[in-house]
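As provided, coords_1.cif (mmCIF, C-alpha atoms) reads as follows.
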data_model
#
loop_
_atom_site.group_PDB
_atom_site.id
_atom_site.type_symbol
_atom_site.label_atom_id
_atom_site.label_comp_id
_atom_site.auth_asym_id
_atom_site.auth_seq_id
_atom_site.Cartn_x
_atom_site.Cartn_y
_atom_site.Cartn_z
ATOM 1 C CA MET A 1 44.411 20.920 -36.468
ATOM 2 C CA THR A 2 46.474 18.392 -34.526
ATOM 3 C CA ASP A 3 49.387 19.731 -32.484
ATOM 4 C CA LYS A 4 51.140 16.550 -31.375
ATOM 5 C CA VAL A 5 52.571 13.622 -33.341
ATOM 6 C CA VAL A 6 55.315 11.047 -32.761
ATOM 7 C CA GLY A 7 58.497 10.888 -34.821
ATOM 8 C CA ILE A 8 60.455 7.636 -35.178
ATOM 9 C CA ASP A 9 63.991 7.458 -36.589
ATOM 10 C CA LEU A 10 64.756 3.809 -37.342
ATOM 11 C CA GLY A 11 68.372 2.826 -37.902
ATOM 12 C CA GLY A 12 70.298 -0.396 -38.149
ATOM 13 C CA THR A 13 71.637 -0.162 -34.594
ATOM 14 C CA LYS A 14 69.227 2.160 -32.772
ATOM 15 C CA ILE A 15 65.765 3.681 -32.842
ATOM 16 C CA ALA A 16 65.139 7.236 -31.682
ATOM 17 C CA ALA A 17 61.670 8.558 -30.912
ATOM 18 C CA ALA A 18 59.949 11.597 -29.446
ATOM 19 C CA VAL A 19 56.651 13.460 -29.297
ATOM 20 C CA TYR A 20 56.670 16.518 -31.539
ATOM 21 C CA ASP A 21 54.515 19.560 -30.816
ATOM 22 C CA GLY A 22 53.759 21.351 -34.083
ATOM 23 C CA ARG A 23 52.668 24.485 -32.251
ATOM 24 C CA THR A 24 55.913 24.973 -30.331
ATOM 25 C CA GLN A 25 58.111 22.992 -32.778
ATOM 26 C CA THR A 26 59.702 21.123 -29.880
ATOM 27 C CA LEU A 27 60.337 17.509 -28.888
ATOM 28 C CA SER A 28 59.505 15.825 -25.612
ATOM 29 C CA GLY A 29 59.833 12.348 -24.170
ATOM 30 C CA GLN A 30 62.944 11.671 -26.279
ATOM 31 C CA THR A 31 64.074 8.060 -26.120
ATOM 32 C CA VAL A 32 66.782 6.063 -27.896
ATOM 33 C CA VAL A 33 66.932 2.254 -27.721
ATOM 34 C CA PRO A 34 68.938 -0.451 -29.535
ATOM 35 C CA THR A 35 67.183 -1.842 -32.607
ATOM 36 C CA ARG A 36 66.063 -5.436 -32.084
ATOM 37 C CA GLY A 37 67.018 -6.281 -35.635
ATOM 38 C CA GLN A 38 67.658 -9.931 -34.810
ATOM 39 C CA GLU A 39 63.893 -10.308 -34.302
ATOM 40 C CA GLY A 40 63.236 -9.545 -37.967
ATOM 41 C CA PRO A 41 60.687 -7.152 -39.456
ATOM 42 C CA ASP A 42 57.784 -8.211 -37.236
ATOM 43 C CA GLY A 43 59.884 -7.817 -34.107
ATOM 44 C CA VAL A 44 61.135 -4.387 -35.167
ATOM 45 C CA LEU A 45 57.610 -3.182 -35.954
ATOM 46 C CA LYS A 46 56.416 -4.466 -32.583
ATOM 47 C CA GLN A 47 59.308 -2.562 -30.983
ATOM 48 C CA ILE A 48 58.260 0.637 -32.783
ATOM 49 C CA GLY A 49 54.760 0.277 -31.353
ATOM 50 C CA GLU A 50 56.200 -0.183 -27.869
ATOM 51 C CA LEU A 51 58.422 2.845 -28.341
ATOM 52 C CA VAL A 52 55.542 5.065 -29.432
ATOM 53 C CA ARG A 53 53.699 4.210 -26.232
ATOM 54 C CA MET A 54 56.847 4.755 -24.174
ATOM 55 C CA VAL A 55 57.527 8.276 -25.472
ATOM 56 C CA CYS A 56 53.874 9.224 -25.064
ATOM 57 C CA GLU A 57 54.044 8.146 -21.437
ATOM 58 C CA ARG A 58 57.296 10.030 -20.881
ATOM 59 C CA ALA A 59 55.866 13.158 -22.505
ATOM 60 C CA ASP A 60 52.651 12.775 -20.475
ATOM 61 C CA VAL A 61 50.555 12.717 -23.647
ATOM 62 C CA PRO A 62 47.855 10.033 -24.105
ATOM 63 C CA LEU A 63 48.273 7.944 -27.232
ATOM 64 C CA ALA A 64 44.732 8.915 -28.200
ATOM 65 C CA ALA A 65 45.853 12.567 -28.306
ATOM 66 C CA ILE A 66 48.560 11.822 -30.862
ATOM 67 C CA GLY A 67 47.539 12.820 -34.368
ATOM 68 C CA GLY A 68 49.831 10.375 -36.135
ATOM 69 C CA VAL A 69 53.198 8.635 -36.247
ATOM 70 C CA GLY A 70 55.950 9.408 -38.745
ATOM 71 C CA VAL A 71 58.535 6.703 -39.352
ATOM 72 C CA GLY A 72 61.843 7.544 -40.992
ATOM 73 C CA MET A 73 63.675 4.493 -42.352
ATOM 74 C CA PRO A 74 66.800 3.851 -44.465
ATOM 75 C CA ALA A 75 64.575 2.232 -47.053
ATOM 76 C CA THR A 76 62.824 2.514 -50.372
ATOM 77 C CA PHE A 77 59.044 2.273 -50.393
ATOM 78 C CA ASP A 78 55.870 1.683 -52.285
ATOM 79 C CA LEU A 79 54.228 4.691 -50.683
ATOM 80 C CA GLU A 80 50.823 4.071 -52.244
ATOM 81 C CA LYS A 81 50.649 0.665 -50.548
ATOM 82 C CA GLY A 82 52.517 1.733 -47.408
ATOM 83 C CA GLN A 83 55.107 -0.992 -47.898
ATOM 84 C CA THR A 84 58.871 -1.189 -47.576
ATOM 85 C CA LEU A 85 60.828 -2.513 -50.537
ATOM 86 C CA LEU A 86 64.557 -2.427 -49.849
ATOM 87 C CA LEU A 87 65.889 -2.043 -46.307
ATOM 88 C CA PRO A 88 69.433 -3.427 -46.359
ATOM 89 C CA ASN A 89 70.621 -2.366 -42.892
ATOM 90 C CA ILE A 90 68.205 -4.464 -40.814
ATOM 91 C CA PRO A 91 67.997 -8.279 -41.077
ATOM 92 C CA GLY A 92 64.999 -10.023 -42.559
ATOM 93 C CA ASP A 93 62.781 -9.883 -45.607
ATOM 94 C CA TRP A 94 61.397 -6.350 -45.772
ATOM 95 C CA TRP A 95 60.272 -6.561 -49.411
ATOM 96 C CA GLY A 96 56.572 -5.743 -49.587
ATOM 97 C CA LYS A 97 56.235 -5.506 -45.803
ATOM 98 C CA PRO A 98 52.946 -3.641 -45.099
ATOM 99 C CA VAL A 99 54.481 -1.387 -42.461
ATOM 100 C CA VAL A 100 51.749 1.232 -42.491
ATOM 101 C CA SER A 101 48.851 -1.202 -42.067
ATOM 102 C CA ILE A 102 50.677 -3.157 -39.338
ATOM 103 C CA LEU A 103 51.501 -0.051 -37.296
ATOM 104 C CA GLN A 104 48.085 1.517 -37.829
ATOM 105 C CA ALA A 105 46.398 -1.666 -36.610
ATOM 106 C CA ASP A 106 48.643 -1.680 -33.533
ATOM 107 C CA LEU A 107 48.466 2.019 -32.657
ATOM 108 C CA GLU A 108 45.121 3.061 -34.191
ATOM 109 C CA ARG A 109 46.857 6.221 -35.416
ATOM 110 C CA PRO A 110 47.685 7.420 -38.948
ATOM 111 C CA VAL A 111 51.214 6.422 -40.023
ATOM 112 C CA ALA A 112 53.478 8.049 -42.613
ATOM 113 C CA LEU A 113 56.694 6.579 -44.003
ATOM 114 C CA VAL A 114 59.662 8.634 -45.163
ATOM 115 C CA ASN A 115 63.178 7.769 -46.254
ATOM 116 C CA ASP A 116 65.775 8.813 -43.680
ATOM 117 C CA ALA A 117 67.633 11.181 -46.040
ATOM 118 C CA ARG A 118 64.370 12.866 -47.003
ATOM 119 C CA SER A 119 63.494 13.088 -43.310
ATOM 120 C CA PHE A 120 66.827 14.825 -42.649
ATOM 121 C CA THR A 121 66.147 17.244 -45.478
ATOM 122 C CA LEU A 122 62.672 18.180 -44.262
ATOM 123 C CA ALA A 123 63.924 18.766 -40.735
ATOM 124 C CA GLU A 124 66.839 20.948 -41.779
ATOM 125 C CA ALA A 125 64.730 22.873 -44.310
ATOM 126 C CA THR A 126 61.980 23.552 -41.777
ATOM 127 C CA LEU A 127 63.794 23.920 -38.455
ATOM 128 C CA GLY A 128 67.534 23.757 -39.128
ATOM 129 C CA ALA A 129 70.240 25.228 -41.320
ATOM 130 C CA GLY A 130 67.935 25.571 -44.345
ATOM 131 C CA ARG A 131 65.190 27.423 -42.529
ATOM 132 C CA GLY A 132 63.979 30.455 -44.466
ATOM 133 C CA TYR A 133 65.070 29.257 -47.911
ATOM 134 C CA ASP A 134 62.489 28.429 -50.585
ATOM 135 C CA CYS A 135 64.340 25.492 -52.156
ATOM 136 C CA VAL A 136 66.660 23.329 -50.048
ATOM 137 C CA PHE A 137 68.688 20.320 -51.090
ATOM 138 C CA GLY A 138 69.730 18.071 -48.200
ATOM 139 C CA LEU A 139 72.784 15.829 -48.586
ATOM 140 C CA THR A 140 73.737 13.073 -46.159
ATOM 141 C CA LEU A 141 77.291 11.765 -46.397
ATOM 142 C CA GLY A 142 77.939 8.609 -44.423
ATOM 143 C CA THR A 143 78.036 4.887 -45.117
ATOM 144 C CA GLY A 144 76.163 5.846 -48.267
ATOM 145 C CA ILE A 145 75.090 9.105 -49.867
ATOM 146 C CA GLY A 146 71.484 10.209 -49.590
ATOM 147 C CA GLY A 147 69.581 13.313 -50.473
ATOM 148 C CA GLY A 148 66.274 15.095 -50.509
ATOM 149 C CA ILE A 149 64.541 18.141 -51.955
ATOM 150 C CA ALA A 150 62.349 20.500 -49.947
ATOM 151 C CA ILE A 151 60.402 23.259 -51.659
ATOM 152 C CA ASN A 152 58.579 25.857 -49.577
ATOM 153 C CA GLY A 153 58.981 23.721 -46.469
ATOM 154 C CA LYS A 154 57.599 20.502 -47.969
ATOM 155 C CA LEU A 155 59.318 17.501 -49.503
ATOM 156 C CA HIS A 156 59.280 16.984 -53.234
ATOM 157 C CA LEU A 157 59.063 13.195 -53.302
ATOM 158 C CA GLY A 158 58.618 12.329 -56.970
ATOM 159 C CA LEU A 159 57.813 8.755 -57.972
ATOM 160 C CA SER A 160 57.643 6.405 -54.958
ATOM 161 C CA GLY A 161 59.323 9.012 -52.742
ATOM 162 C CA SER A 162 62.668 8.595 -54.485
ATOM 163 C CA ALA A 163 63.323 12.196 -55.556
ATOM 164 C CA GLY A 164 66.717 13.280 -54.281
ATOM 165 C CA GLU A 165 68.249 9.789 -54.210
ATOM 166 C CA VAL A 166 71.479 11.172 -55.653
ATOM 167 C CA GLY A 167 74.037 8.698 -54.313
ATOM 168 C CA HIS A 168 73.663 6.441 -57.320
ATOM 169 C CA HIS A 169 74.032 8.959 -60.125
ATOM 170 C CA SER A 170 77.203 8.515 -62.180
ATOM 171 C CA ILE A 171 80.099 10.917 -61.903
ATOM 172 C CA ASP A 172 82.325 8.672 -64.052
ATOM 173 C CA HIS A 173 80.492 6.715 -66.749
ATOM 174 C CA GLN A 174 83.334 4.177 -66.946
ATOM 175 C CA GLY A 175 84.056 4.121 -63.229
ATOM 176 C CA VAL A 176 83.790 1.469 -60.538
ATOM 177 C CA PRO A 177 80.271 0.275 -59.641
ATOM 178 C CA ASP A 178 78.561 1.581 -56.525
ATOM 179 C CA GLY A 179 76.431 -0.511 -54.187
ATOM 180 C CA SER A 180 73.545 -0.538 -56.652
ATOM 181 C CA GLY A 181 75.793 -1.748 -59.460
ATOM 182 C CA ASN A 182 75.750 1.593 -61.272
ATOM 183 C CA PRO A 183 79.110 2.274 -62.996
ATOM 184 C CA GLY A 184 80.780 5.343 -61.557
ATOM 185 C CA GLY A 185 78.060 5.942 -58.968
ATOM 186 C CA TRP A 186 78.775 8.866 -56.634
ATOM 187 C CA GLU A 187 78.701 6.660 -53.524
ATOM 188 C CA ALA A 188 81.683 4.680 -54.788
ATOM 189 C CA TYR A 189 83.853 7.807 -54.644
ATOM 190 C CA ALA A 190 82.648 10.066 -51.847
ATOM 191 C CA SER A 191 80.991 7.964 -49.118
ATOM 192 C CA GLY A 192 82.634 7.073 -45.814
ATOM 193 C CA PRO A 193 83.683 3.570 -46.982
ATOM 194 C CA ALA A 194 85.077 5.041 -50.208
ATOM 195 C CA ILE A 195 87.253 7.473 -48.255
ATOM 196 C CA ALA A 196 88.411 4.711 -45.907
ATOM 197 C CA ALA A 197 89.249 2.558 -48.942
ATOM 198 C CA MET A 198 91.587 5.265 -50.210
ATOM 199 C CA GLY A 199 93.435 5.094 -46.902
ATOM 200 C CA VAL A 200 93.606 1.302 -47.016
ATOM 201 C CA LYS A 201 94.962 1.415 -50.556
ATOM 202 C CA ALA A 202 97.711 3.852 -49.575
ATOM 203 C CA VAL A 203 98.842 1.633 -46.698
ATOM 204 C CA MET A 204 98.731 -1.538 -48.801
ATOM 205 C CA GLN A 205 100.840 0.105 -51.488
ATOM 206 C CA GLY A 206 103.520 0.905 -48.925
ATOM 207 C CA ILE A 207 103.241 4.660 -49.372
ATOM 208 C CA THR A 208 104.792 6.647 -46.547
ATOM 209 C CA THR A 209 101.890 7.709 -44.336
ATOM 210 C CA GLN A 210 100.889 7.723 -40.684
ATOM 211 C CA ILE A 211 97.486 6.184 -41.449
ATOM 212 C CA GLY A 212 98.541 2.560 -40.907
ATOM 213 C CA GLY A 213 100.477 3.307 -37.734
ATOM 214 C CA LEU A 214 97.464 4.964 -36.125
ATOM 215 C CA VAL A 215 95.611 1.628 -36.190
ATOM 216 C CA ASN A 216 98.605 -0.687 -35.645
ATOM 217 C CA TYR A 217 98.257 -1.678 -39.305
ATOM 218 C CA ASP A 218 94.874 -3.310 -38.796
ATOM 219 C CA LEU A 219 93.349 -2.235 -42.101
ATOM 220 C CA ASN A 220 89.840 -2.951 -40.844
ATOM 221 C CA LEU A 221 90.188 -0.081 -38.392
ATOM 222 C CA ILE A 222 90.914 2.580 -41.001
ATOM 223 C CA THR A 223 88.041 5.056 -41.108
ATOM 224 C CA PRO A 224 87.601 8.613 -42.370
ATOM 225 C CA GLY A 225 88.174 9.705 -38.774
ATOM 226 C CA VAL A 226 91.568 7.982 -38.699
ATOM 227 C CA ILE A 227 92.505 9.676 -41.967
ATOM 228 C CA LEU A 228 91.405 12.998 -40.474
ATOM 229 C CA GLN A 229 93.623 12.370 -37.461
ATOM 230 C CA ALA A 230 96.608 11.742 -39.721
ATOM 231 C CA ALA A 231 95.835 14.857 -41.759
ATOM 232 C CA GLU A 232 95.703 16.998 -38.619
ATOM 233 C CA GLN A 233 99.144 15.652 -37.718
ATOM 234 C CA GLY A 234 100.526 16.888 -41.025
ATOM 235 C CA ASP A 235 100.363 13.681 -43.057
ATOM 236 C CA ALA A 236 100.511 14.672 -46.734
ATOM 237 C CA ILE A 237 98.884 11.473 -48.021
ATOM 238 C CA ALA A 238 95.953 11.799 -45.623
ATOM 239 C CA ARG A 239 95.490 15.409 -46.646
ATOM 240 C CA ASP A 240 95.525 14.409 -50.298
ATOM 241 C CA ILE A 241 92.874 11.735 -49.653
ATOM 242 C CA LEU A 242 90.577 14.261 -47.989
ATOM 243 C CA ARG A 243 91.186 16.770 -50.778
ATOM 244 C CA THR A 244 90.312 14.124 -53.360
ATOM 245 C CA ALA A 245 87.181 13.156 -51.425
ATOM 246 C CA GLY A 246 86.132 16.808 -51.248
ATOM 247 C CA GLU A 247 86.598 17.166 -54.987
ATOM 248 C CA TYR A 248 84.461 14.081 -55.612
ATOM 249 C CA ILE A 249 81.758 15.440 -53.323
ATOM 250 C CA GLY A 250 81.906 18.714 -55.225
ATOM 251 C CA ALA A 251 81.670 16.939 -58.574
ATOM 252 C CA GLY A 252 78.479 15.139 -57.641
ATOM 253 C CA LEU A 253 76.979 18.137 -55.897
ATOM 254 C CA SER A 254 77.695 20.305 -58.943
ATOM 255 C CA ASN A 255 75.388 18.100 -61.009
ATOM 256 C CA VAL A 256 72.639 18.551 -58.434
ATOM 257 C CA ILE A 257 73.148 22.314 -58.282
ATOM 258 C CA ILE A 258 73.090 22.707 -62.069
ATOM 259 C CA ILE A 259 69.828 20.735 -62.320
ATOM 260 C CA LEU A 260 68.019 22.005 -59.223
ATOM 261 C CA ALA A 261 69.515 25.479 -58.636
ATOM 262 C CA PRO A 262 68.582 25.385 -54.926
ATOM 263 C CA HIS A 263 68.749 28.396 -52.665
ATOM 264 C CA CYS A 264 70.472 26.348 -49.969
ATOM 265 C CA VAL A 265 72.385 23.079 -49.649
ATOM 266 C CA VAL A 266 72.564 21.483 -46.199
ATOM 267 C CA ILE A 267 75.195 18.792 -45.651
ATOM 268 C CA GLY A 268 75.079 16.271 -42.809
ATOM 269 C CA GLY A 269 76.247 12.787 -41.905
ATOM 270 C CA GLY A 270 79.475 11.393 -40.521
ATOM 271 C CA VAL A 271 81.628 12.437 -43.479
ATOM 272 C CA ALA A 272 80.551 16.051 -42.957
ATOM 273 C CA GLU A 273 82.377 15.875 -39.612
ATOM 274 C CA LEU A 274 85.631 16.013 -41.606
ATOM 275 C CA GLY A 275 84.907 19.722 -41.807
ATOM 276 C CA GLU A 276 86.974 22.108 -43.877
ATOM 277 C CA TRP A 277 89.332 19.327 -44.937
ATOM 278 C CA ILE A 278 86.623 18.293 -47.397
ATOM 279 C CA MET A 279 84.428 21.406 -47.506
ATOM 280 C CA GLU A 280 87.127 23.668 -48.945
ATOM 281 C CA PRO A 281 88.022 21.411 -51.916
ATOM 282 C CA MET A 282 84.304 20.702 -52.366
ATOM 283 C CA ARG A 283 83.544 24.408 -52.743
ATOM 284 C CA ALA A 284 86.463 24.838 -55.149
ATOM 285 C CA SER A 285 85.221 21.899 -57.232
ATOM 286 C CA ILE A 286 81.725 23.385 -57.384
ATOM 287 C CA ALA A 287 83.072 26.787 -58.427
ATOM 288 C CA ARG A 288 84.996 25.205 -61.314
ATOM 289 C CA ARG A 289 82.077 23.132 -62.552
ATOM 290 C CA CYS A 290 78.951 25.241 -62.083
ATOM 291 C CA LYS A 291 78.975 27.806 -64.857
ATOM 292 C CA THR A 292 75.241 28.170 -65.507
ATOM 293 C CA VAL A 293 74.084 28.723 -61.930
ATOM 294 C CA PRO A 294 75.093 31.690 -59.700
ATOM 295 C CA VAL A 295 76.772 29.514 -57.075
ATOM 296 C CA ASP A 296 77.872 32.543 -55.086
ATOM 297 C CA GLN A 297 74.189 33.046 -54.275
ATOM 298 C CA ILE A 298 73.701 29.496 -52.961
ATOM 299 C CA ALA A 299 74.130 28.983 -49.223
ATOM 300 C CA ILE A 300 76.100 25.787 -48.557
ATOM 301 C CA LYS A 301 75.847 24.910 -44.869
ATOM 302 C CA ARG A 302 76.612 22.190 -42.366
ATOM 303 C CA ALA A 303 73.536 20.634 -40.762
ATOM 304 C CA ALA A 304 72.298 22.221 -37.534
ATOM 305 C CA LEU A 305 70.016 19.661 -35.866
ATOM 306 C CA GLY A 306 72.507 16.857 -35.261
ATOM 307 C CA SER A 307 71.117 13.499 -34.187
ATOM 308 C CA GLN A 308 67.621 14.941 -33.692
ATOM 309 C CA ALA A 309 67.096 15.633 -37.400
ATOM 310 C CA GLY A 310 65.693 12.175 -38.117
ATOM 311 C CA VAL A 311 63.032 12.352 -35.417
ATOM 312 C CA PHE A 312 62.110 15.924 -36.312
ATOM 313 C CA GLY A 313 61.819 15.085 -40.000
ATOM 314 C CA ALA A 314 59.686 11.971 -39.510
ATOM 315 C CA ALA A 315 57.383 13.885 -37.182
ATOM 316 C CA LEU A 316 57.127 16.810 -39.592
ATOM 317 C CA GLN A 317 56.210 14.506 -42.457
ATOM 318 C CA VAL A 318 53.205 13.004 -40.678
ATOM 319 C CA TRP A 319 52.266 16.351 -39.118
ATOM 320 C CA GLN A 320 52.121 17.971 -42.533
ATOM 321 C CA GLN A 321 50.093 15.101 -43.965
ATOM 322 C CA ILE A 322 47.418 15.067 -41.305
ATOM 323 C CA ASN A 323 47.163 18.867 -41.243
ATOM 324 C CA ALA A 324 47.178 19.358 -45.006
ATOM 325 C CA GLY A 325 44.573 21.824 -46.155
#
Reformat the file's structure so that it appears as structure tokens.
Amino acid sequence: MTDKVVGIDLGGTKIAAAVYDGRTQTLSGQTVVPTRGQEGPDGVLKQIGELVRMVCERADVPLAAIGGVGVGMPATFDLEKGQTLLLPNIPGDWWGKPVVSILQADLERPVALVNDARSFTLAEATLGAGRGYDCVFGLTLGTGIGGGIAINGKLHLGLSGSAGEVGHHSIDHQGVPDGSGNPGGWEAYASGPAIAAMGVKAVMQGITTQIGGLVNYDLNLITPGVILQAAEQGDAIARDILRTAGEYIGAGLSNVIIILAPHCVVIGGGVAELGEWIMEPMRASIARRCKTVPVDQIAIKRAALGSQAGVFGAALQVWQQINAG
């Protein structure tokens, strides 16, 4: 049984990495560096190899003693071939990129890929807010909406690792398209950009609100955080936007709860930082909609691991794979 692996959390602007000890369930050698996205896929994969060696050195663990490397990415995959398919947040042609074979040739270590939302879910289900629950649904609310399903401490991945990709399910069959082109997709109503767009619309319509004044009427600077600031200052329009966003989040999450009936839902991402302004209307929306599942028995929690969830989850995925059986 191998104790130590490396977890990589690849994002559009930064890469986080650390050595994970499966015996103590701790990280060491943590490092965060800017993503060299301008160098394209080959440059980013070379950077990942460099980063693996760097964290091993910082943790005083020889690379040869590492059992494997888990790489969490905001991507879809062909997991059987170890290839990325869609990776929209980093420049270059990632379609069909043989990430696993490239990294394994470089590092001479087993490599496992995992979507970043699934990585978050595994980390929170194993070590975070979902620890101790048999079935955990993880929800990430940010620039997009992602999700994952963990059962008995392991990810349920489904076909091509896509199980839990809930951001593109429809909550309004005649609604506006989301980023995938799906009419009424959840992301188009409850993601960070969708919430910001509600604030922009209010300002453009000339509705009386503090939102525009907080950014000197530069509409490009309106974010969910700006809307939160206005709400905390008593702005009725901002409060209504957050209430509406919470109801949309609840509508989509109700569908998940009715289908999956999880023991625990863990919510993370930047939008979750809006706190009770969205959580309270979300819970009310769920209570109205979920009539076939005992929602009062479902724990709905904010994420506990913060920015370390991605590294933990990627490391856990490869650790579980190499220690299976």
Box in all listed atoms of range 61-74 of chain A, axis-aligned, with 3 Å more on each side; write out centre and edge lengths in Å to one decimal as JSON.
{"center_x": 55.8, "center_y": 8.3, "center_z": -34.1, "size_x": 28.1, "size_y": 15.0, "size_z": 26.8}
Check your understanding: Applied to this file, what does the PyMOL selection byres ((chain A and resi 93-95) around 8) return in terms of residues, put as a ChimeraX atom specification?
Key -> /A:40-41,83-87,91-92,96-97
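If you look at CA of His169 in chain A and CA of Gly185 in chain A, they are 5.2 Å away from each other.
Distance annotation: of A:Asn182, A:Ser162, A:Ser285, A:Thr140, the residue with the minimal separation from Ala272 in chain A is A:Thr140; atom set is all atoms listed in the file.
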Resolved residues for the PyMOL selection byres ((chain A and resi 63-71) around 7) as a short mmCIF file (atom, residue, chain, number, x, y, z; two decimals) with C-alpha atoms, in the frame of the given file:
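Ended up saving to out-v2.cif:
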data_model
loop_
_atom_site.label_atom_id
_atom_site.label_comp_id
_atom_site.auth_asym_id
_atom_site.auth_seq_id
_atom_site.Cartn_x
_atom_site.Cartn_y
_atom_site.Cartn_z
CA THR A 2 46.47 18.39 -34.53
CA LYS A 4 51.14 16.55 -31.38
CA VAL A 5 52.57 13.62 -33.34
CA VAL A 6 55.32 11.05 -32.76
CA GLY A 7 58.50 10.89 -34.82
CA ILE A 8 60.46 7.64 -35.18
CA ASP A 9 63.99 7.46 -36.59
CA ARG A 53 53.70 4.21 -26.23
CA CYS A 56 53.87 9.22 -25.06
CA VAL A 61 50.56 12.72 -23.65
CA PRO A 62 47.86 10.03 -24.10
CA GLY A 72 61.84 7.54 -40.99
CA MET A 73 63.68 4.49 -42.35
CA ARG A 109 46.86 6.22 -35.42
CA PRO A 110 47.68 7.42 -38.95
CA VAL A 111 51.21 6.42 -40.02
CA ALA A 112 53.48 8.05 -42.61
CA LEU A 113 56.69 6.58 -44.00
CA VAL A 114 59.66 8.63 -45.16
CA ALA A 314 59.69 11.97 -39.51
CA ALA A 315 57.38 13.88 -37.18
CA GLN A 317 56.21 14.51 -42.46
CA VAL A 318 53.20 13.00 -40.68
#
Point to revise | Exercise: Gly37 in chain A partners within 10 Å, all atoms listed in the file, chain neighbours under 5 positions left out, as JSON, numbers by chain | key: {"A": [11, 12, 13, 14, 42, 43, 44, 45, 47, 89, 90, 91, 92]}
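Across the chains present, the PyMOL selection byres ((chain A and resi 170-175) around 10) applied to this file returns Val166, Gly167, His168, His169, Val176, Pro177, Asp178, Asn182, Pro183, Gly184, Gly185, Trp186, Glu187, Ala188, Tyr189, Tyr248, Ile249, Ala251, Gly252, Leu253 and Asn255 of chain A.
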For the residues in that selection, give me C-alpha atoms as a short mmCIF file (atom, residue, chain, number, x, y, z; two decimals), in the frame of the given file.
data_model
loop_
_atom_site.label_atom_id
_atom_site.label_comp_id
_atom_site.auth_asym_id
_atom_site.auth_seq_id
_atom_site.Cartn_x
_atom_site.Cartn_y
_atom_site.Cartn_z
CA VAL A 166 71.48 11.17 -55.65
CA GLY A 167 74.04 8.70 -54.31
CA HIS A 168 73.66 6.44 -57.32
CA HIS A 169 74.03 8.96 -60.12
CA VAL A 176 83.79 1.47 -60.54
CA PRO A 177 80.27 0.28 -59.64
CA ASP A 178 78.56 1.58 -56.52
CA ASN A 182 75.75 1.59 -61.27
CA PRO A 183 79.11 2.27 -63.00
CA GLY A 184 80.78 5.34 -61.56
CA GLY A 185 78.06 5.94 -58.97
CA TRP A 186 78.78 8.87 -56.63
CA GLU A 187 78.70 6.66 -53.52
CA ALA A 188 81.68 4.68 -54.79
CA TYR A 189 83.85 7.81 -54.64
CA TYR A 248 84.46 14.08 -55.61
CA ILE A 249 81.76 15.44 -53.32
CA ALA A 251 81.67 16.94 -58.57
CA GLY A 252 78.48 15.14 -57.64
CA LEU A 253 76.98 18.14 -55.90
CA ASN A 255 75.39 18.10 -61.01
#
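Each of A:Ala303, A:Ile267, A:Ile195, A:Leu155 was compared to Leu139 in chain A using all atoms listed in the file, and A:Ile267 turns out to be the nearest.
For Asp106 in chain A, the residues within 10 Å (counting only C-alpha atoms, excluding itself and residues fewer than 2 positions away along the chain) are Leu45, Lys46, Ile48, Gly49, Glu50, Val100, Ser101, Ile102, Leu103, Gln104, Glu108 and Arg109 of chain A.
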Revision key, fill the gap. A straight line from CA of Ala16 in chain A to CA of Val226 in chain A spans 27.4 Å
**Study point:** Counting only C-alpha atoms, the option among A:Val200, A:Ile15, A:Val136, A:Leu228 closest to Lys301 in chain A
**Key:** A:Val136
Kindly reconstruct range 53-59 of chain A with N, CA, C and O atoms and present the result as an mmCIF file, in the coordinates of the input.
data_model
loop_
_atom_site.group_PDB
_atom_site.id
_atom_site.type_symbol
_atom_site.label_atom_id
_atom_site.label_comp_id
_atom_site.auth_asym_id
_atom_site.auth_seq_id
_atom_site.Cartn_x
_atom_site.Cartn_y
_atom_site.Cartn_z
ATOM 1 N N ARG A 53 54.395 4.127 -27.523
ATOM 2 C CA ARG A 53 53.699 4.210 -26.232
ATOM 3 C C ARG A 53 54.626 4.730 -25.130
ATOM 4 O O ARG A 53 54.192 5.486 -24.248
ATOM 5 N N MET A 54 55.890 4.327 -25.190
ATOM 6 C CA MET A 54 56.847 4.755 -24.174
ATOM 7 C C MET A 54 57.064 6.265 -24.208
ATOM 8 O O MET A 54 57.042 6.938 -23.172
ATOM 9 N N VAL A 55 57.261 6.832 -25.411
ATOM 10 C CA VAL A 55 57.527 8.276 -25.472
ATOM 11 C C VAL A 55 56.277 9.069 -25.134
ATOM 12 O O VAL A 55 56.371 10.160 -24.551
ATOM 13 N N CYS A 56 55.106 8.537 -25.462
ATOM 14 C CA CYS A 56 53.874 9.224 -25.064
ATOM 15 C C CYS A 56 53.762 9.279 -23.538
ATOM 16 O O CYS A 56 53.400 10.316 -22.960
ATOM 17 N N GLU A 57 54.089 8.173 -22.904
ATOM 18 C CA GLU A 57 54.044 8.146 -21.437
ATOM 19 C C GLU A 57 55.055 9.119 -20.847
ATOM 20 O O GLU A 57 54.743 9.863 -19.907
ATOM 21 N N ARG A 58 56.259 9.130 -21.405
ATOM 22 C CA ARG A 58 57.296 10.030 -20.881
ATOM 23 C C ARG A 58 56.948 11.503 -21.111
ATOM 24 O O ARG A 58 57.329 12.362 -20.322
ATOM 25 N N ALA A 59 56.258 11.783 -22.209
ATOM 26 C CA ALA A 59 55.866 13.158 -22.505
ATOM 27 C C ALA A 59 54.543 13.535 -21.840
ATOM 28 O O ALA A 59 54.087 14.670 -21.976
#
